[in-house]
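Engineer: You'll find start_20.cif just under this line, and it carries mmCIF, C-alpha atoms and all ligand atoms.
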```cif
data_work
loop_
_atom_site.label_atom_id
_atom_site.label_comp_id
_atom_site.auth_asym_id
_atom_site.auth_seq_id
_atom_site.Cartn_x
_atom_site.Cartn_y
_atom_site.Cartn_z
CA MET A 1 26.91 -21.62 -146.10
CA THR A 2 28.68 -20.58 -149.29
CA LEU A 3 25.99 -20.01 -151.85
CA GLU A 4 26.48 -21.21 -155.39
CA THR A 5 25.92 -18.84 -158.29
CA PRO A 6 24.11 -18.26 -160.51
CA LEU A 7 21.43 -17.92 -157.82
CA GLU A 8 18.25 -19.63 -158.98
CA LEU A 9 14.77 -18.30 -158.36
CA SER A 10 11.27 -18.70 -159.67
CA GLY A 11 9.02 -15.70 -160.15
CA ALA A 12 6.87 -13.73 -162.53
CA PRO A 13 7.06 -10.29 -164.16
CA GLY A 14 3.71 -9.34 -162.58
CA SER A 15 4.95 -10.11 -159.06
CA PRO A 16 6.25 -6.94 -157.36
CA TYR A 17 8.51 -8.89 -155.03
CA THR A 18 10.04 -10.77 -157.95
CA ARG A 19 10.79 -7.43 -159.62
CA LYS A 20 12.20 -6.10 -156.34
CA MET A 21 14.63 -9.00 -156.02
CA LEU A 22 15.70 -9.04 -159.67
CA ALA A 23 16.57 -5.34 -159.38
CA VAL A 24 18.54 -6.09 -156.19
CA LEU A 25 20.49 -8.88 -157.91
CA ARG A 26 21.32 -6.63 -160.88
CA TYR A 27 22.46 -3.80 -158.61
CA ARG A 28 24.52 -6.28 -156.58
CA ARG A 29 25.93 -7.81 -159.80
CA ILE A 30 25.04 -11.27 -158.52
CA PRO A 31 24.54 -13.70 -161.42
CA TYR A 32 21.10 -15.34 -161.43
CA LYS A 33 18.80 -17.61 -163.34
CA LEU A 34 15.06 -16.86 -163.35
CA TYR A 35 12.50 -19.62 -163.89
CA PHE A 36 8.99 -18.65 -164.79
CA ARG A 37 6.71 -19.78 -161.99
CA GLY A 38 6.01 -23.48 -162.38
CA ARG A 39 8.95 -24.03 -164.75
CA GLU A 40 11.63 -24.75 -162.16
CA PRO A 41 13.49 -28.06 -162.66
CA ALA A 42 11.66 -31.21 -161.55
CA GLY A 43 12.42 -32.31 -158.02
CA TYR A 44 13.20 -28.82 -156.67
CA PRO A 45 11.97 -28.35 -153.09
CA VAL A 46 8.73 -26.46 -152.39
CA PRO A 47 8.81 -23.75 -149.67
CA LYS A 48 6.60 -23.99 -146.58
CA VAL A 49 4.56 -21.02 -147.82
CA PRO A 50 4.74 -20.93 -151.62
CA LEU A 51 5.33 -17.28 -152.57
CA LEU A 52 6.89 -15.42 -155.47
CA PRO A 53 9.77 -15.12 -155.72
CA THR A 54 11.10 -18.41 -154.35
CA PHE A 55 14.88 -18.74 -154.22
CA TYR A 56 16.52 -22.17 -154.57
CA LEU A 57 19.67 -21.62 -152.56
CA ALA A 58 22.29 -24.24 -153.26
CA ASP A 59 25.40 -25.10 -151.31
CA ALA A 60 27.42 -28.26 -150.80
CA GLY A 61 24.59 -29.63 -148.62
CA GLY A 62 21.84 -29.40 -151.25
CA ILE A 63 19.06 -27.05 -152.34
CA GLU A 64 16.83 -25.09 -149.96
CA ALA A 65 13.65 -23.25 -151.09
CA VAL A 66 13.54 -19.83 -149.40
CA THR A 67 11.02 -16.97 -149.64
CA ASP A 68 10.64 -13.46 -148.19
CA SER A 69 12.58 -10.70 -149.85
CA THR A 70 13.37 -8.73 -146.68
CA PRO A 71 15.62 -11.28 -144.90
CA LEU A 72 16.99 -12.45 -148.27
CA ILE A 73 18.34 -8.96 -149.05
CA ARG A 74 20.10 -8.91 -145.68
CA ARG A 75 21.45 -12.43 -146.19
CA PHE A 76 22.84 -11.63 -149.64
CA ASP A 77 24.50 -8.49 -148.20
CA LYS A 78 26.42 -10.82 -145.87
CA ASP A 79 27.07 -13.60 -148.38
CA PHE A 80 28.26 -11.57 -151.37
CA PRO A 81 30.89 -8.83 -151.03
CA GLY A 82 30.59 -5.31 -152.46
CA ARG A 83 27.71 -2.94 -153.24
CA PRO A 84 25.59 -3.82 -150.17
CA VAL A 85 21.97 -2.73 -150.32
CA ARG A 86 21.54 -1.97 -146.63
CA PRO A 87 23.14 1.25 -145.32
CA ALA A 88 26.13 0.87 -143.00
CA ASP A 89 24.97 3.82 -140.86
CA PRO A 90 22.40 2.40 -138.37
CA ALA A 91 20.22 5.55 -138.51
CA MET A 92 19.92 5.31 -142.30
CA ALA A 93 19.48 1.53 -142.07
CA PHE A 94 16.54 2.03 -139.74
CA LEU A 95 14.86 4.58 -142.03
CA ASP A 96 15.50 2.13 -144.87
CA SER A 97 13.64 -0.57 -142.91
CA LEU A 98 10.66 1.75 -142.41
CA ILE A 99 10.49 2.55 -146.12
CA GLU A 100 10.87 -1.09 -147.13
CA ASP A 101 8.19 -2.24 -144.72
CA TYR A 102 5.76 0.43 -145.94
CA ALA A 103 6.41 -0.55 -149.56
CA ASP A 104 6.09 -4.29 -148.99
CA GLU A 105 3.11 -4.19 -146.66
CA TRP A 106 1.15 -1.01 -147.47
CA LEU A 107 1.96 -0.01 -151.03
CA THR A 108 1.20 -3.57 -152.05
CA LYS A 109 -2.38 -2.89 -150.93
CA CYS A 110 -2.53 -0.09 -153.51
CA MET A 111 -1.13 -2.44 -156.14
CA PHE A 112 -3.51 -5.29 -155.40
CA HIS A 113 -6.50 -2.99 -154.94
CA TYR A 114 -6.10 -1.10 -158.22
CA ARG A 115 -5.42 -4.32 -160.10
CA TRP A 116 -8.42 -6.30 -158.92
CA ALA A 117 -11.05 -3.99 -157.38
CA HIS A 118 -11.91 -2.05 -160.58
CA ALA A 119 -13.65 -4.12 -163.23
CA ALA A 120 -11.74 -2.64 -166.18
CA ASP A 121 -8.34 -3.07 -164.53
CA ALA A 122 -9.24 -6.61 -163.45
CA ALA A 123 -10.31 -7.53 -166.97
CA PHE A 124 -6.97 -6.25 -168.28
CA ALA A 125 -4.91 -8.03 -165.60
CA GLY A 126 -6.83 -11.24 -166.12
CA ARG A 127 -5.57 -11.38 -169.70
CA LEU A 128 -2.10 -9.99 -169.03
CA LEU A 129 -1.00 -12.20 -166.14
CA PRO A 130 -1.34 -15.54 -167.95
CA SER A 131 0.41 -14.01 -170.98
CA TRP A 132 3.48 -13.25 -168.87
CA GLY A 133 4.92 -16.70 -169.33
CA PRO A 134 6.82 -18.74 -171.87
CA SER A 135 3.85 -20.70 -173.28
CA PRO A 136 1.99 -19.18 -176.22
CA LEU A 137 -1.74 -19.24 -175.41
CA ASP A 138 -4.52 -19.63 -177.94
CA GLU A 139 -7.68 -17.63 -177.35
CA PRO A 140 -9.76 -20.27 -175.51
CA THR A 141 -6.83 -21.10 -173.23
CA LEU A 142 -6.13 -17.45 -172.48
CA ALA A 143 -9.80 -16.79 -171.75
CA GLN A 144 -9.97 -19.78 -169.42
CA MET A 145 -6.71 -18.99 -167.60
CA GLY A 146 -7.65 -15.33 -167.33
CA LYS A 147 -10.86 -16.28 -165.56
CA MET A 148 -8.97 -18.62 -163.24
CA PHE A 149 -6.37 -15.96 -162.33
CA SER A 150 -8.99 -13.24 -161.82
CA ASP A 151 -11.29 -15.38 -159.69
CA ARG A 152 -8.41 -16.40 -157.46
CA GLN A 153 -6.95 -12.91 -157.05
CA ILE A 154 -10.30 -11.13 -156.62
CA GLY A 155 -10.99 -13.65 -153.87
CA ARG A 156 -7.81 -12.46 -152.15
CA LEU A 157 -8.84 -8.78 -152.05
CA ALA A 158 -10.34 -9.30 -148.60
CA TYR A 159 -7.05 -10.73 -147.41
CA VAL A 160 -5.03 -7.61 -148.34
CA GLY A 161 -7.70 -5.30 -146.92
CA SER A 162 -9.25 -3.86 -150.07
CA ASN A 163 -13.01 -3.40 -149.66
CA ALA A 164 -15.65 -0.69 -150.06
CA THR A 165 -14.63 0.96 -146.76
CA THR A 166 -10.88 0.96 -147.34
CA GLY A 167 -10.76 1.58 -151.11
CA PRO A 168 -10.85 5.41 -150.93
CA VAL A 169 -8.20 5.47 -148.15
CA ILE A 170 -5.94 3.24 -150.26
CA GLU A 171 -6.40 5.28 -153.45
CA ASP A 172 -5.84 8.66 -151.77
CA SER A 173 -2.66 7.34 -150.18
CA TYR A 174 -1.29 6.24 -153.56
CA VAL A 175 -1.81 9.68 -155.08
CA ARG A 176 -0.18 11.41 -152.12
CA LEU A 177 2.76 8.98 -152.24
CA LEU A 178 3.33 9.79 -155.92
CA ASP A 179 3.41 13.51 -155.09
CA ALA A 180 5.83 12.99 -152.19
CA LEU A 181 8.11 10.81 -154.34
CA GLU A 182 7.96 13.27 -157.22
CA ALA A 183 9.11 16.07 -154.88
CA HIS A 184 11.93 13.95 -153.43
CA LEU A 185 13.17 12.76 -156.82
CA SER A 186 13.43 16.32 -158.05
CA ALA A 187 16.51 16.67 -155.82
CA HIS A 188 17.78 13.19 -154.90
CA PRO A 189 18.39 9.99 -156.86
CA PHE A 190 17.32 7.58 -154.10
CA MET A 191 15.32 7.72 -150.88
CA LEU A 192 18.34 8.06 -148.60
CA GLY A 193 20.63 9.99 -150.93
CA GLY A 194 23.20 8.64 -153.36
CA ALA A 195 22.62 4.88 -153.18
CA PRO A 196 19.56 2.64 -153.28
CA GLY A 197 18.46 0.82 -150.12
CA ALA A 198 16.05 -2.04 -149.55
CA GLY A 199 13.31 0.61 -149.35
CA ASP A 200 14.07 1.84 -152.87
CA PHE A 201 13.83 -1.70 -154.21
CA GLY A 202 10.62 -2.31 -152.26
CA LEU A 203 8.98 0.83 -153.68
CA PHE A 204 10.32 -0.01 -157.12
CA GLY A 205 8.76 -3.50 -157.05
CA GLN A 206 5.25 -2.23 -156.35
CA LEU A 207 5.63 0.74 -158.70
CA THR A 208 6.65 -1.47 -161.64
CA GLN A 209 2.99 -2.47 -161.65
CA LEU A 210 1.26 0.65 -160.28
CA ALA A 211 3.10 3.15 -162.45
CA GLY A 212 3.69 1.07 -165.54
CA VAL A 213 1.23 -1.77 -166.01
CA ASP A 214 -2.21 -1.40 -164.47
CA PRO A 215 -4.30 1.11 -166.41
CA THR A 216 -5.90 3.22 -163.65
CA PRO A 217 -2.87 3.80 -161.37
CA THR A 218 -0.54 4.09 -164.37
CA GLY A 219 -2.83 6.76 -165.82
CA ILE A 220 -2.62 8.67 -162.53
CA ALA A 221 1.19 8.48 -162.59
CA GLN A 222 1.26 9.61 -166.22
CA GLY A 223 -0.68 12.70 -165.19
CA ARG A 224 1.42 13.79 -162.22
CA ALA A 225 4.56 11.72 -161.56
CA HIS A 226 6.93 11.73 -164.50
CA ARG A 227 10.08 11.58 -162.39
CA VAL A 228 8.64 8.58 -160.56
CA MET A 229 8.03 6.80 -163.86
CA GLY A 230 11.56 7.59 -165.01
CA TRP A 231 12.97 6.40 -161.71
CA VAL A 232 11.16 3.07 -161.99
CA GLY A 233 12.68 2.55 -165.42
CA MET A 234 16.13 3.33 -164.05
CA VAL A 235 16.00 1.23 -160.86
CA GLU A 236 15.16 -1.86 -162.92
CA ASP A 237 18.84 -2.13 -163.82
CA LEU A 238 21.37 -0.27 -161.67
CA SER A 239 24.21 -2.64 -162.56
CA GLY A 240 26.31 0.17 -163.99
CA VAL A 241 25.47 2.87 -161.44
CA GLU A 242 28.08 3.67 -158.79
CA PRO A 243 26.65 4.33 -155.31
CA GLY A 244 27.15 7.81 -153.82
CA PRO A 245 27.03 8.96 -150.18
CA LEU A 246 23.84 8.74 -148.12
CA PHE A 247 22.42 11.65 -146.10
CA GLU A 248 24.57 12.36 -143.07
CA GLY A 249 23.26 15.23 -140.96
CA GLU A 250 19.66 16.31 -140.94
CA VAL A 251 17.54 14.58 -143.57
CA PRO A 252 16.07 16.77 -146.32
CA ASP A 253 12.47 18.00 -146.07
CA THR A 254 11.41 15.89 -149.03
CA LEU A 255 12.46 12.72 -147.18
CA LYS A 256 10.56 13.95 -144.13
CA GLY A 257 7.59 14.45 -146.42
CA LEU A 258 7.85 10.86 -147.62
CA LEU A 259 8.19 9.50 -144.09
CA ALA A 260 5.18 11.62 -143.08
CA GLU A 261 3.06 10.16 -145.88
CA MET A 262 4.11 6.61 -144.99
CA GLY A 263 3.61 7.30 -141.27
CA ARG A 264 0.15 8.72 -141.92
CA VAL A 265 -1.34 5.42 -143.07
CA TYR A 266 0.82 2.42 -142.20
CA PRO A 267 1.65 2.66 -138.43
CA PRO A 268 -2.03 2.94 -137.34
CA LEU A 269 -2.66 -0.31 -139.20
CA LEU A 270 0.39 -2.00 -137.65
CA ILE A 271 -0.79 -1.07 -134.16
CA ALA A 272 -4.43 -2.12 -134.67
CA ASN A 273 -3.35 -5.34 -136.40
CA ALA A 274 -0.93 -6.30 -133.61
CA LYS A 275 -3.70 -5.76 -131.04
CA ALA A 276 -6.10 -7.91 -133.03
CA VAL A 277 -3.53 -10.69 -133.51
CA MET A 278 -2.67 -10.65 -129.77
CA ALA A 279 -6.36 -10.84 -128.85
CA GLY A 280 -6.88 -13.72 -131.28
CA ALA A 281 -9.39 -11.62 -133.27
CA THR A 282 -9.93 -12.38 -136.94
CA THR A 283 -10.69 -8.79 -138.00
CA VAL A 284 -8.92 -5.49 -137.50
CA GLU A 285 -10.95 -2.34 -136.91
CA ALA A 286 -8.96 0.87 -137.07
CA GLU A 287 -9.06 4.52 -137.98
CA ILE A 288 -6.65 5.40 -140.75
CA ASP A 289 -6.31 8.86 -142.22
CA GLY A 290 -9.40 9.91 -140.25
CA ARG A 291 -11.56 7.23 -141.82
CA ALA A 292 -12.77 3.79 -140.82
CA TRP A 293 -10.62 0.80 -141.75
CA THR A 294 -11.53 -2.85 -141.54
CA GLN A 295 -9.69 -5.94 -142.75
CA ASN A 296 -8.65 -9.45 -141.80
CA ALA A 297 -5.99 -9.69 -139.10
CA PHE A 298 -2.59 -10.55 -140.55
CA PRO A 299 -0.08 -12.34 -138.25
CA TYR A 300 2.88 -11.62 -140.57
CA GLN A 301 2.44 -7.86 -140.09
CA ALA A 302 2.46 -8.31 -136.32
CA LYS A 303 5.93 -9.82 -136.82
CA CYS A 304 6.94 -6.84 -139.01
CA LEU A 305 6.07 -4.51 -136.13
CA GLY A 306 8.13 -6.64 -133.75
CA TRP A 307 11.16 -6.46 -136.07
CA LEU A 308 10.91 -2.68 -136.43
CA ARG A 309 10.70 -2.27 -132.66
CA GLU A 310 13.71 -4.53 -132.12
CA GLU A 311 15.77 -2.58 -134.65
CA TYR A 312 14.76 0.71 -133.03
CA ALA A 313 15.62 -0.56 -129.54
CA ALA A 314 19.07 -1.67 -130.75
CA LEU A 315 19.99 1.75 -132.23
CA PRO A 316 23.13 3.34 -130.71
CA ALA A 317 22.30 6.62 -128.90
CA GLY A 318 23.61 8.96 -131.62
CA ALA A 319 21.74 7.11 -134.35
CA LYS A 320 18.57 7.04 -132.27
CA ALA A 321 18.70 10.83 -131.91
CA ARG A 322 19.03 11.21 -135.69
CA VAL A 323 16.18 8.77 -136.33
CA ASP A 324 14.00 10.60 -133.79
CA ALA A 325 14.69 13.90 -135.56
CA ALA A 326 13.84 12.38 -138.94
CA ILE A 327 10.53 10.83 -137.83
CA ASP A 328 9.54 13.65 -135.46
CA GLY A 329 6.06 14.86 -136.34
CA THR A 330 5.34 11.82 -138.54
CA GLY A 331 2.97 9.00 -137.56
CA TRP A 332 5.91 6.62 -137.12
CA THR A 333 6.68 7.88 -133.60
CA ALA A 334 3.53 6.09 -132.35
CA LEU A 335 5.30 2.74 -132.86
CA PHE A 336 8.39 3.34 -130.72
N1 LIG A 401 6.94 -10.93 -147.91
C1 LIG A 401 7.09 -11.67 -149.16
C2 LIG A 401 5.84 -11.47 -149.99
C3 LIG A 401 5.83 -12.23 -151.29
C4 LIG A 401 4.44 -12.30 -151.90
O1 LIG A 401 3.45 -11.96 -151.24
N2 LIG A 401 4.34 -12.69 -153.16
C5 LIG A 401 3.06 -12.78 -153.83
C6 LIG A 401 3.16 -12.39 -155.30
S1 LIG A 401 3.91 -10.86 -155.59
C7 LIG A 401 2.60 -14.22 -153.87
O2 LIG A 401 3.40 -15.09 -154.10
N3 LIG A 401 1.32 -14.47 -153.66
C8 LIG A 401 0.80 -15.82 -153.71
C9 LIG A 401 0.62 -16.33 -155.11
O3 LIG A 401 0.74 -15.56 -156.07
O4 LIG A 401 0.32 -17.52 -155.25
C10 LIG A 401 8.33 -11.14 -149.87
O5 LIG A 401 8.81 -10.06 -149.51
O6 LIG A 401 8.88 -11.83 -150.72
#
```
Can you turn what I pasted into structure tokens?
Ligand SMILES: N[C@@H](CCC(=O)N[C@@H](CS)C(=O)NCC(=O)O)C(=O)O

Structural biologist:
Amino acid sequence: MTLETPLELSGAPGSPYTRKMLAVLRYRRIPYKLYFRGREPAGYPVPKVPLLPTFYLADAGGIEAVTDSTPLIRRFDKDFPGRPVRPADPAMAFLDSLIEDYADEWLTKCMFHYRWAHAADAAFAGRLLPSWGPSPLDEPTLAQMGKMFSDRQIGRLAYVGSNATTGPVIEDSYVRLLDALEAHLSAHPFMLGGAPGAGDFGLFGQLTQLAGVDPTPTGIAQGRAHRVMGWVGMVEDLSGVEPGPLFEGEVPDTLKGLLAEMGRVYPPLLIANAKAVMAGATTVEAEIDGRAWTQNAFPYQAKCLGWLREEYAALPAGAKARVDAAIDGTGWTALF
């Protein structure tokens, strides 16, 4: 399928995955056209699961509505030449997958939790989200839409796993991630060295909100993570940045530190969730970071675990040895 450009997508500035994909398209120098959610041309197809962003991929055969940033990044790497996002070296590509999965599936918990679990942040987001669109809103309309957005999103907190038990685990993990990123960015431009991977764009997407929009987590970043805030501003548009080499031998300690932070919280959830999904249970009970964790079971994350295991199993021997050295002593080893 030869894709037509400009690529068309619908999304919103408050959607981390929309921001992730726009940054990917800019880095890739792929022309695109963004529709604000709900403003796509009449008659466009609707995806099976309506999520933001939705891409409307057009070829000679027609238009297909496609979601899910992770496979889309890999597809665009194949379809459009030059400046690929995914590393060519399978060891680095695997670490990139770990970072991307953590960002998309764990860090998004931090984003959603801070936005909707604290009353002051939720009141702010309720007014900001409807304002992030092309229609000017008078006060009664904004108040009414704000209530609609907030009620819907607060109702989804349970779905992402933010509750009274998990809140402190989520918040502590965000602060530690900022510190680990701050240390890494003091010596390296991107997670795997000189070029951004899917993991960089995944982290960027969530951090556009956490470290730039929502008052509580942005305040935390302002206090302790200035490089992270600068990095988020930069990754937004890497169209003019030339990629440099990725790490080749042993990975630096700051990357190990990042992988350790990610491996501390996310793999225990992946394992407990996969067990719950297999058993047909509706809730996951786990211990994360030494504390109790409970949330709804999430079939999509059971698939994520399957994909990571497949990619690990397919690693050539030399790459596997380098991956094992990089994740040695981190919680990730429990998965493989
Ligand atoms: N795995 C998907 C996740 C996309 C996603 O969860 N998007 C959120 C917004 S950032 C969404 O559309 N939620 C439902 C809604 O807003 O109606 C991806 O990587 O694109």

Engineer: Nearest to Ser186 (chain A) among A:Gly306, A:Gly230, A:Gly223, A:Pro47, with distances taken over all atoms listed in the file: which residue is it?

Structural biologist: A:Gly230

Engineer: Neighbours of ligand LIG 401 (chain A) at 10 Å or closer, counting all atoms listed in the file: which residues, as a ChimeraX atom specification?

Structural biologist: /A:11-21,37,49-55,66-73,100-101,103-105,108,111-112,149,152-153,156,160,202,205-206,300-301,304

Engineer: Could you please take those selected residues and save C-alpha atoms as a PDB file, keeping the file's coordinate frame?

Structural biologist:
```pdb
ATOM      1  CA  GLY A  11       9.020 -15.700-160.150  1.00  0.00           C
ATOM      2  CA  ALA A  12       6.870 -13.730-162.530  1.00  0.00           C
ATOM      3  CA  PRO A  13       7.060 -10.290-164.160  1.00  0.00           C
ATOM      4  CA  GLY A  14       3.710  -9.340-162.580  1.00  0.00           C
ATOM      5  CA  SER A  15       4.950 -10.110-159.060  1.00  0.00           C
ATOM      6  CA  PRO A  16       6.250  -6.940-157.360  1.00  0.00           C
ATOM      7  CA  TYR A  17       8.510  -8.890-155.030  1.00  0.00           C
ATOM      8  CA  THR A  18      10.040 -10.770-157.950  1.00  0.00           C
ATOM      9  CA  ARG A  19      10.790  -7.430-159.620  1.00  0.00           C
ATOM     10  CA  LYS A  20      12.200  -6.100-156.340  1.00  0.00           C
ATOM     11  CA  MET A  21      14.630  -9.000-156.020  1.00  0.00           C
ATOM     12  CA  ARG A  37       6.710 -19.780-161.990  1.00  0.00           C
ATOM     13  CA  VAL A  49       4.560 -21.020-147.820  1.00  0.00           C
ATOM     14  CA  PRO A  50       4.740 -20.930-151.620  1.00  0.00           C
ATOM     15  CA  LEU A  51       5.330 -17.280-152.570  1.00  0.00           C
ATOM     16  CA  LEU A  52       6.890 -15.420-155.470  1.00  0.00           C
ATOM     17  CA  PRO A  53       9.770 -15.120-155.720  1.00  0.00           C
ATOM     18  CA  THR A  54      11.100 -18.410-154.350  1.00  0.00           C
ATOM     19  CA  PHE A  55      14.880 -18.740-154.220  1.00  0.00           C
ATOM     20  CA  VAL A  66      13.540 -19.830-149.400  1.00  0.00           C
ATOM     21  CA  THR A  67      11.020 -16.970-149.640  1.00  0.00           C
ATOM     22  CA  ASP A  68      10.640 -13.460-148.190  1.00  0.00           C
ATOM     23  CA  SER A  69      12.580 -10.700-149.850  1.00  0.00           C
ATOM     24  CA  THR A  70      13.370  -8.730-146.680  1.00  0.00           C
ATOM     25  CA  PRO A  71      15.620 -11.280-144.900  1.00  0.00           C
ATOM     26  CA  LEU A  72      16.990 -12.450-148.270  1.00  0.00           C
ATOM     27  CA  ILE A  73      18.340  -8.960-149.050  1.00  0.00           C
ATOM     28  CA  GLU A 100      10.870  -1.090-147.130  1.00  0.00           C
ATOM     29  CA  ASP A 101       8.190  -2.240-144.720  1.00  0.00           C
ATOM     30  CA  ALA A 103       6.410  -0.550-149.560  1.00  0.00           C
ATOM     31  CA  ASP A 104       6.090  -4.290-148.990  1.00  0.00           C
ATOM     32  CA  GLU A 105       3.110  -4.190-146.660  1.00  0.00           C
ATOM     33  CA  THR A 108       1.200  -3.570-152.050  1.00  0.00           C
ATOM     34  CA  MET A 111      -1.130  -2.440-156.140  1.00  0.00           C
ATOM     35  CA  PHE A 112      -3.510  -5.290-155.400  1.00  0.00           C
ATOM     36  CA  PHE A 149      -6.370 -15.960-162.330  1.00  0.00           C
ATOM     37  CA  ARG A 152      -8.410 -16.400-157.460  1.00  0.00           C
ATOM     38  CA  GLN A 153      -6.950 -12.910-157.050  1.00  0.00           C
ATOM     39  CA  ARG A 156      -7.810 -12.460-152.150  1.00  0.00           C
ATOM     40  CA  VAL A 160      -5.030  -7.610-148.340  1.00  0.00           C
ATOM     41  CA  GLY A 202      10.620  -2.310-152.260  1.00  0.00           C
ATOM     42  CA  GLY A 205       8.760  -3.500-157.050  1.00  0.00           C
ATOM     43  CA  GLN A 206       5.250  -2.230-156.350  1.00  0.00           C
ATOM     44  CA  TYR A 300       2.880 -11.620-140.570  1.00  0.00           C
ATOM     45  CA  GLN A 301       2.440  -7.860-140.090  1.00  0.00           C
ATOM     46  CA  CYS A 304       6.940  -6.840-139.010  1.00  0.00           C
TER      47      CYS A 304
END
```

Engineer: Around (0.3, 0.9, -137.0), as given in the file, which residues come within 12 Å? Count all atoms listed in the file and list them as a PyMOL selection string.

Structural biologist: chain A and resi 98+101-102+105-106+262-276+284-289+293+301-302+304-306+308-309+331-336

Engineer: Quick one: of A:Gly219, A:Pro299, A:Pro243, A:Pro6, who's nearest to Tyr159 (chain A), counting all atoms listed in the file?

Structural biologist: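 Closest to Tyr159 (chain A) of all the choices is A:Pro299.
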
Engineer: Could you list, as a ChimeraX atom specification, every residue within 8 Å of region 320-325 of chain A, counting all atoms listed in the file and ignoring same-chain residues fewer than 2 positions away?

Structural biologist: /A:91-92,94-95,249-250,312,315-318,327-328,333
